[in-house]
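Data block for my_file_2.cif (mmCIF, C-alpha atoms):
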```cif
data_target
loop_
_atom_site.label_atom_id
_atom_site.label_comp_id
_atom_site.auth_asym_id
_atom_site.auth_seq_id
_atom_site.Cartn_x
_atom_site.Cartn_y
_atom_site.Cartn_z
CA MET A 1 40.86 -157.45 124.32
CA THR A 2 37.23 -157.05 125.33
CA GLN A 3 36.02 -156.93 128.89
CA ASP A 4 34.42 -160.37 128.58
CA SER A 5 37.70 -161.81 127.30
CA ARG A 6 39.65 -160.30 130.19
CA ARG A 7 37.09 -161.61 132.66
CA GLY A 8 37.25 -165.08 131.15
CA LEU A 9 41.05 -165.01 131.20
CA ALA A 10 41.02 -163.94 134.84
CA LEU A 11 38.77 -166.88 135.71
CA VAL A 12 40.83 -169.43 133.76
CA ALA A 13 44.31 -168.17 134.67
CA PRO A 14 44.51 -169.44 138.30
CA PRO A 15 43.48 -173.07 137.65
CA LEU A 16 45.46 -173.11 134.40
CA GLY A 17 48.57 -171.82 136.13
CA TYR A 18 48.08 -174.32 138.93
CA ALA A 19 47.75 -177.22 136.49
CA VAL A 20 50.78 -176.10 134.47
CA ALA A 21 52.85 -175.78 137.65
CA LEU A 22 51.88 -179.29 138.76
CA LEU A 23 52.82 -180.70 135.35
CA ALA A 24 55.82 -178.59 134.39
CA GLY A 25 57.38 -178.33 137.85
CA PRO A 26 58.19 -182.05 138.31
CA LEU A 27 59.26 -182.39 134.66
CA LEU A 28 61.61 -179.43 135.00
CA ALA A 29 63.07 -180.88 138.19
CA ILE A 30 63.66 -184.25 136.51
CA PHE A 31 65.25 -182.52 133.52
CA LEU A 32 67.64 -180.54 135.75
CA PHE A 33 68.55 -183.60 137.83
CA SER A 34 69.55 -185.46 134.67
CA PHE A 35 72.45 -183.03 134.14
CA TRP A 36 73.78 -183.41 137.70
CA THR A 37 75.74 -186.24 139.28
CA GLN A 38 75.54 -188.12 142.55
CA ASP A 39 78.56 -187.72 144.84
CA TYR A 40 77.89 -190.27 147.58
CA LEU A 41 75.20 -188.59 149.75
CA THR A 42 75.33 -185.20 148.02
CA ILE A 43 74.45 -184.05 144.52
CA ASP A 44 77.02 -182.29 142.39
CA ARG A 45 75.11 -179.59 140.49
CA THR A 46 77.85 -179.05 137.93
CA PRO A 47 76.17 -179.49 134.51
CA THR A 48 77.40 -182.57 132.69
CA LEU A 49 76.32 -185.07 130.04
CA ALA A 50 78.00 -187.97 131.80
CA ASN A 51 74.69 -189.53 132.82
CA TYR A 52 73.39 -189.50 129.25
CA GLN A 53 76.65 -190.96 127.96
CA GLU A 54 76.48 -193.77 130.49
CA ALA A 55 72.78 -194.43 129.91
CA LEU A 56 73.23 -194.66 126.14
CA THR A 57 76.39 -196.79 126.20
CA ASP A 58 75.85 -199.11 129.15
CA PRO A 59 74.47 -202.42 127.79
CA ILE A 60 72.30 -202.95 130.89
CA TYR A 61 70.37 -199.72 130.43
CA ARG A 62 70.14 -200.24 126.68
CA THR A 63 68.82 -203.78 127.09
CA ILE A 64 66.16 -202.75 129.61
CA MET A 65 65.06 -199.79 127.48
CA LEU A 66 64.74 -201.91 124.35
CA ARG A 67 62.90 -204.59 126.33
CA SER A 68 60.48 -201.97 127.64
CA LEU A 69 59.75 -200.70 124.13
CA TRP A 70 59.37 -204.26 122.82
CA ILE A 71 56.99 -205.30 125.61
CA SER A 72 54.93 -202.12 125.24
CA ALA A 73 54.75 -202.45 121.46
CA THR A 74 53.70 -206.10 121.76
CA VAL A 75 51.08 -205.28 124.38
CA THR A 76 49.75 -202.47 122.20
CA ILE A 77 49.46 -204.59 119.07
CA VAL A 78 47.90 -207.54 120.89
CA THR A 79 45.45 -205.36 122.78
CA VAL A 80 44.27 -203.41 119.74
CA ILE A 81 43.92 -206.55 117.61
CA LEU A 82 41.81 -208.21 120.29
CA ALA A 83 39.87 -205.02 121.07
CA PHE A 84 38.80 -204.25 117.50
CA PRO A 85 36.47 -207.27 117.05
CA VAL A 86 34.81 -206.52 120.39
CA ALA A 87 34.25 -202.87 119.48
CA TYR A 88 33.06 -203.87 116.00
CA TYR A 89 30.60 -206.39 117.39
CA VAL A 90 29.13 -203.92 119.87
CA SER A 91 28.88 -201.17 117.26
CA PHE A 92 27.49 -203.15 114.31
CA ARG A 93 25.84 -206.23 115.78
CA ILE A 94 24.21 -205.05 119.01
CA ARG A 95 20.87 -203.27 119.00
CA PRO A 96 21.15 -199.55 119.86
CA ASP A 97 19.08 -199.93 123.02
CA ARG A 98 21.48 -202.61 124.35
CA LYS A 99 24.81 -200.96 123.51
CA SER A 100 24.95 -199.09 126.82
CA PHE A 101 24.65 -202.39 128.67
CA TRP A 102 27.55 -203.89 126.70
CA LEU A 103 29.67 -200.82 127.38
CA PHE A 104 28.78 -201.27 131.03
CA LEU A 105 30.10 -204.84 130.86
CA ILE A 106 33.33 -203.64 129.23
CA THR A 107 33.99 -201.24 132.10
CA ILE A 108 33.51 -203.91 134.81
CA PRO A 109 37.31 -204.50 135.13
CA PHE A 110 37.59 -200.91 136.35
CA TRP A 111 35.57 -201.87 139.41
CA THR A 112 38.47 -203.80 140.90
CA SER A 113 41.90 -202.58 141.91
CA TYR A 114 44.61 -202.70 139.28
CA LEU A 115 46.87 -204.42 141.79
CA LEU A 116 44.17 -207.01 142.53
CA ARG A 117 43.94 -207.90 138.83
CA ILE A 118 47.69 -208.42 138.74
CA PHE A 119 47.48 -210.76 141.74
CA LEU A 120 44.70 -212.68 140.00
CA TRP A 121 46.96 -213.26 137.01
CA LYS A 122 49.65 -214.50 139.39
CA VAL A 123 47.12 -217.04 140.64
CA ILE A 124 46.22 -218.04 137.08
CA LEU A 125 49.79 -218.32 135.77
CA GLY A 126 51.50 -219.57 138.94
CA TYR A 127 53.29 -222.90 139.34
CA ASN A 128 50.24 -224.37 141.09
CA GLY A 129 47.84 -221.96 139.44
CA VAL A 130 44.70 -222.36 137.39
CA MET A 131 46.49 -222.70 134.05
CA ASN A 132 48.87 -225.43 135.13
CA SER A 133 46.16 -227.29 137.04
CA GLY A 134 43.89 -227.22 134.00
CA LEU A 135 46.60 -228.44 131.62
CA ILE A 136 47.52 -231.27 133.99
CA GLY A 137 43.87 -232.18 134.42
CA LEU A 138 43.44 -232.39 130.65
CA GLY A 139 46.53 -234.57 130.37
CA ILE A 140 48.35 -232.09 128.14
CA ILE A 141 51.33 -231.78 130.50
CA ASP A 142 52.71 -234.07 133.20
CA GLU A 143 54.15 -231.43 135.53
CA PRO A 144 53.54 -227.70 136.06
CA LEU A 145 55.17 -225.32 133.62
CA THR A 146 57.61 -222.79 135.06
CA ALA A 147 57.62 -220.56 131.97
CA LEU A 148 54.16 -219.07 132.51
CA LEU A 149 55.11 -216.61 135.24
CA TYR A 150 57.98 -214.26 136.04
CA ASN A 151 59.00 -213.41 132.50
CA ALA A 152 58.20 -210.96 129.72
CA ASN A 153 55.29 -213.10 128.46
CA ALA A 154 53.52 -212.81 131.82
CA VAL A 155 53.93 -209.03 131.68
CA ILE A 156 52.46 -208.92 128.16
CA ILE A 157 49.46 -211.05 129.13
CA THR A 158 48.72 -209.05 132.28
CA LEU A 159 49.09 -205.65 130.64
CA SER A 160 47.01 -206.68 127.62
CA HIS A 161 44.15 -207.66 129.91
CA ALA A 162 44.48 -204.53 132.05
CA PHE A 163 44.43 -202.09 129.12
CA ALA A 164 41.84 -203.85 126.94
CA PRO A 165 38.96 -201.51 127.94
CA PHE A 166 41.11 -198.48 127.11
CA ALA A 167 41.50 -199.81 123.56
CA ILE A 168 37.91 -200.94 123.06
CA LEU A 169 36.24 -197.64 123.92
CA PRO A 170 38.00 -195.28 121.45
CA ILE A 171 37.64 -197.80 118.63
CA PHE A 172 33.95 -198.17 119.45
CA VAL A 173 33.46 -194.38 119.35
CA ALA A 174 35.15 -194.20 115.93
CA LEU A 175 33.00 -197.04 114.58
CA GLU A 176 29.84 -195.39 115.86
CA LYS A 177 30.63 -192.25 113.82
CA ILE A 178 30.73 -194.18 110.53
CA ASP A 179 27.77 -193.43 108.30
CA ARG A 180 26.12 -196.77 107.63
CA ALA A 181 25.00 -195.48 104.25
CA LEU A 182 28.61 -195.65 103.09
CA LEU A 183 28.72 -199.35 103.85
CA GLU A 184 25.46 -199.93 102.03
CA ALA A 185 26.80 -197.99 99.04
CA GLY A 186 29.87 -200.21 98.95
CA ARG A 187 27.74 -203.34 98.92
CA ASP A 188 25.47 -201.87 96.24
CA LEU A 189 28.55 -201.33 94.06
CA GLY A 190 29.35 -205.03 94.28
CA GLU A 191 31.98 -204.98 97.01
CA SER A 192 32.22 -208.02 99.24
CA ALA A 193 31.93 -207.75 103.01
CA ALA A 194 35.69 -208.16 103.41
CA THR A 195 36.49 -205.55 100.76
CA THR A 196 33.98 -203.10 102.25
CA PHE A 197 35.60 -203.55 105.63
CA LEU A 198 39.12 -202.97 104.30
CA ARG A 199 38.27 -200.05 102.02
CA VAL A 200 35.56 -198.28 104.02
CA THR A 201 35.19 -199.39 107.64
CA LEU A 202 38.85 -199.73 108.62
CA PRO A 203 40.04 -196.40 107.12
CA LEU A 204 37.16 -194.52 108.77
CA ALA A 205 37.91 -196.24 112.09
CA MET A 206 41.63 -195.35 111.97
CA PRO A 207 41.30 -192.31 114.29
CA GLY A 208 39.98 -194.62 117.00
CA VAL A 209 42.66 -197.22 116.26
CA VAL A 210 45.42 -194.61 116.50
CA ALA A 211 43.94 -193.30 119.74
CA ALA A 212 43.86 -196.84 121.13
CA LEU A 213 47.48 -197.40 120.09
CA LEU A 214 48.63 -194.29 121.92
CA ILE A 215 46.42 -194.83 124.97
CA VAL A 216 47.88 -198.30 125.47
CA PHE A 217 51.49 -197.72 124.41
CA ILE A 218 52.30 -194.56 126.36
CA PRO A 219 51.38 -195.77 129.87
CA THR A 220 52.63 -199.33 129.42
CA VAL A 221 56.18 -198.14 128.70
CA GLY A 222 56.33 -196.62 132.17
CA ASP A 223 54.38 -199.31 133.99
CA TYR A 224 56.09 -200.31 137.21
CA VAL A 225 53.71 -202.52 139.21
CA THR A 226 53.10 -205.26 136.65
CA PRO A 227 56.77 -206.03 135.84
CA ALA A 228 57.58 -205.92 139.56
CA GLN A 229 54.89 -208.48 140.37
CA VAL A 230 54.90 -210.88 137.40
CA GLY A 231 57.98 -209.97 135.38
CA GLY A 232 60.78 -211.55 137.35
CA SER A 233 64.34 -210.82 136.28
CA GLY A 234 63.52 -211.26 132.59
CA GLY A 235 60.49 -208.98 132.60
CA GLN A 236 61.82 -205.88 134.33
CA MET A 237 61.16 -202.62 132.50
CA ILE A 238 62.64 -199.15 132.53
CA ALA A 239 60.35 -197.92 135.32
CA ASN A 240 61.76 -200.61 137.62
CA MET A 241 65.31 -199.48 136.83
CA ILE A 242 64.34 -195.86 137.50
CA GLN A 243 62.92 -196.87 140.88
CA THR A 244 66.11 -198.77 141.65
CA GLN A 245 68.24 -195.75 140.80
CA PHE A 246 66.19 -193.39 142.96
CA LEU A 247 65.61 -195.59 146.00
CA GLY A 248 67.91 -198.60 145.81
CA LEU A 249 71.14 -197.02 144.57
CA ASN A 250 70.50 -193.45 145.78
CA ASN A 251 71.39 -192.12 142.33
CA ALA A 252 68.63 -189.65 141.53
CA PRO A 253 70.48 -188.02 138.59
CA MET A 254 70.79 -191.34 136.75
CA GLY A 255 67.16 -192.16 137.48
CA ALA A 256 66.17 -188.77 136.11
CA THR A 257 68.30 -189.35 133.01
CA LEU A 258 66.61 -192.67 132.30
CA ALA A 259 63.22 -191.02 132.78
CA VAL A 260 64.06 -188.23 130.31
CA ILE A 261 65.33 -190.71 127.72
CA ALA A 262 62.18 -192.81 128.11
CA MET A 263 59.94 -189.75 127.69
CA VAL A 264 61.84 -188.64 124.57
CA LEU A 265 61.59 -192.10 122.98
CA VAL A 266 57.89 -192.38 123.76
CA THR A 267 57.29 -188.91 122.30
CA ILE A 268 59.17 -189.74 119.10
CA ILE A 269 57.36 -193.06 118.63
CA SER A 270 53.96 -191.49 119.36
CA LEU A 271 54.53 -188.65 116.88
CA ALA A 272 55.76 -191.12 114.28
CA THR A 273 52.62 -193.23 114.79
CA VAL A 274 50.35 -190.22 114.28
CA TRP A 275 52.32 -189.11 111.22
CA LEU A 276 52.22 -192.57 109.68
CA ALA A 277 48.48 -192.87 110.33
CA ARG A 278 47.87 -189.53 108.62
CA ARG A 279 49.98 -190.54 105.63
CA LEU A 280 48.10 -193.81 105.28
CA ALA A 281 44.75 -192.03 105.64
CA GLY A 282 45.82 -189.45 103.05
CA GLY A 283 46.92 -192.17 100.66
CA ARG A 284 43.45 -193.75 100.72
CA THR A 285 41.64 -190.51 99.96
#
```
For this file, write the structure as structure tokens.
Amino acid sequence: MTQDSRRGLALVAPPLGYAVALLAGPLLAIFLFSFWTQDYLTIDRTPTLANYQEALTDPIYRTIMLRSLWISATVTIVTVILAFPVAYYVSFRIRPDRKSFWLFLITIPFWTSYLLRIFLWKVILGYNGVMNSGLIGLGIIDEPLTALLYNANAVIITLSHAFAPFAILPIFVALEKIDRALLEAGRDLGESAATTFLRVTLPLAMPGVVAALLIVFIPTVGDYVTPAQVGGSGGQMIANMIQTQFLGLNNAPMGATLAVIAMVLVTIISLATVWLARRLAGGRT
């Protein structure tokens, strides 16, 4: 190892070690807690798999975990489908000197608090909210709908709005990297606009689409605030159950177990998504 390499390693080692400790320390603690049990006010540190057995067999935990994955998957699909046309329009239809202004408009939701945006959706979807008032004013309904708020649909709508910018930006970056000459070549060979999009634009934009899928899916699985505010009893997700185990039921080992299971499932699904995207991209080449 050269002197410059040793000097660079010496400069990087302290912040790298600090960052690793901050990331690995809590994860290691959660992992250890998952193998312990709660004995009233004390924790029994005898290693056991009882928590995992209970978490995987209890229908309540299984239902909430499956609901969390279903809500997150739905939010991810809806968000990416709605984000792609916006990113496509900005990339292909807006003049280069105006693209920065459009990106500025896309980031405006970040100016307000995440919690404030959730409260705004409560106002929109509430019993006497904007949506019900508008439908009554148009004569579509006679009385306010109670199914708009405090359910899984409200969670999906709120999360899709909150994470839309996170999906638009990576797709836009991928579209910007596409060589426009390839699109012109496709049209010169007699391909229609739709065929050119499916055979050229979409495959080349897949890295951005996959990034958007992961950016939206991973954090929404563990979202706590949105289900707590707009989910009601039918929209609670795994993060809410973890919070209940830690604070409400004073059962930190079970909360840690649910957290580990959620992280493992998210990791498996994310890796499977990347693998599938690579297989599809390889099949088109």
(request) Quick one: apply the PyMOL selection byres ((chain A and resi 49) around 12) to the file and drop the selected residues here as a list in words. (result)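 For this structure, the PyMOL selection byres ((chain A and resi 49) around 12) resolves to Phe31, Leu32, Phe33, Ser34, Phe35, Trp36, Thr37, Arg45, Thr46, Pro47, Thr48, Ala50, Asn51, Tyr52, Gln53, Glu54, Ala55, Leu56, Pro253, Met254 and Thr257 of chain A.
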Selection above as a file: C-alpha atoms, as an mmCIF file, in the coordinates of the input:
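Output saved as result.cif:
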```cif
data_model
loop_
_atom_site.group_PDB
_atom_site.id
_atom_site.type_symbol
_atom_site.label_atom_id
_atom_site.label_comp_id
_atom_site.auth_asym_id
_atom_site.auth_seq_id
_atom_site.Cartn_x
_atom_site.Cartn_y
_atom_site.Cartn_z
ATOM 1 C CA PHE A 31 65.250 -182.520 133.520
ATOM 2 C CA LEU A 32 67.640 -180.540 135.750
ATOM 3 C CA PHE A 33 68.550 -183.600 137.830
ATOM 4 C CA SER A 34 69.550 -185.460 134.670
ATOM 5 C CA PHE A 35 72.450 -183.030 134.140
ATOM 6 C CA TRP A 36 73.780 -183.410 137.700
ATOM 7 C CA THR A 37 75.740 -186.240 139.280
ATOM 8 C CA ARG A 45 75.110 -179.590 140.490
ATOM 9 C CA THR A 46 77.850 -179.050 137.930
ATOM 10 C CA PRO A 47 76.170 -179.490 134.510
ATOM 11 C CA THR A 48 77.400 -182.570 132.690
ATOM 12 C CA ALA A 50 78.000 -187.970 131.800
ATOM 13 C CA ASN A 51 74.690 -189.530 132.820
ATOM 14 C CA TYR A 52 73.390 -189.500 129.250
ATOM 15 C CA GLN A 53 76.650 -190.960 127.960
ATOM 16 C CA GLU A 54 76.480 -193.770 130.490
ATOM 17 C CA ALA A 55 72.780 -194.430 129.910
ATOM 18 C CA LEU A 56 73.230 -194.660 126.140
ATOM 19 C CA PRO A 253 70.480 -188.020 138.590
ATOM 20 C CA MET A 254 70.790 -191.340 136.750
ATOM 21 C CA THR A 257 68.300 -189.350 133.010
#
```
(request) Kindly give the distance, in Å, that separates atom CA of Tyr40 of chain A and atom CA of Gln243 of chain A, rounded to a single decimal. (result)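 Computed distance, atom CA of Tyr40 of chain A to atom CA of Gln243 of chain A, equals 17.7 Å.
Minimum atom-to-atom distance to Val130 of chain A, evaluated using only C-alpha atoms, belongs to A:Leu148 out of A:Leu28, A:Ile118, A:Leu22, A:Leu148.
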(message) Assuming the chain letters and numbering stay as they are in my file, what does the PyMOL selection byres ((chain A and resi 92-101) around 12) actually select? List them as a count of residues only.
(response) 28
(message) With the PyMOL selection byres ((chain A and resi 262) around 12) as the selection, what would be picked from this file? Answer as an MDAnalysis selection string, please.
(response) chainID A and resid 52 55:56 61:62 64:69 218:223 237:239 241:242 255:261 263:269
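Separating atom CA of Val225 of chain A from atom CA of Leu27 of chain A is a distance of 21.4 Å.
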(request) Might you pull out every residue within 8 Å of Ile71 of chain A, with only C-alpha atoms counted and same-chain residues fewer than 5 positions away left off, and present them as a PyMOL selection string? (result) chain A and resi 152+155-156+221
(message) Give me, as a PyMOL selection string, all polymer residues having an atom no more than 10 Å from Val200 of chain A, counting only C-alpha atoms and skipping those fewer than 3 positions away in the same chain.
(response) chain A and resi 178+182-183+186+194-197+203-205+284
(message) What does the structure give for the distance between atom CA of Leu280 of chain A and atom CA of Ile171 of chain A, in Å to one decimal?
(response)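 Distance between the two atoms: 17.4 Å.
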(message) Restricting the calculation to only C-alpha atoms: of A:Val20, A:Leu198, A:Val78, A:Ala193, which residue gets closest to Phe163 of chain A?
(response)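 Using only C-alpha atoms, Phe163 of chain A sits closest to A:Val78.
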(request) Return the single residue from A:Pro144, A:Pro165, A:Gly17, A:Gly137 that is closest to Leu125 of chain A, with distances computed using only C-alpha atoms. (result)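 Closest residue, counting only C-alpha atoms: A:Pro144.
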What are the centre and the three edge lengths of an axis-aligned box that wraps all atoms of segment 145-157 of chain A in the file, given that 3 Å is added to every side, written as JSON and rounded to one decimal in Å?
```
{"center_x": 54.2, "center_y": -217.1, "center_z": 132.1, "size_x": 15.5, "size_y": 22.4, "size_z": 13.9}
```
(message) Ranking A:Asn251, A:Thr273, A:Thr244, A:Thr146 by minimum distance to Thr42 of chain A and counting all atoms listed in the file, which one comes first?
(response)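 Closest to Thr42 of chain A of all the choices is A:Asn251.
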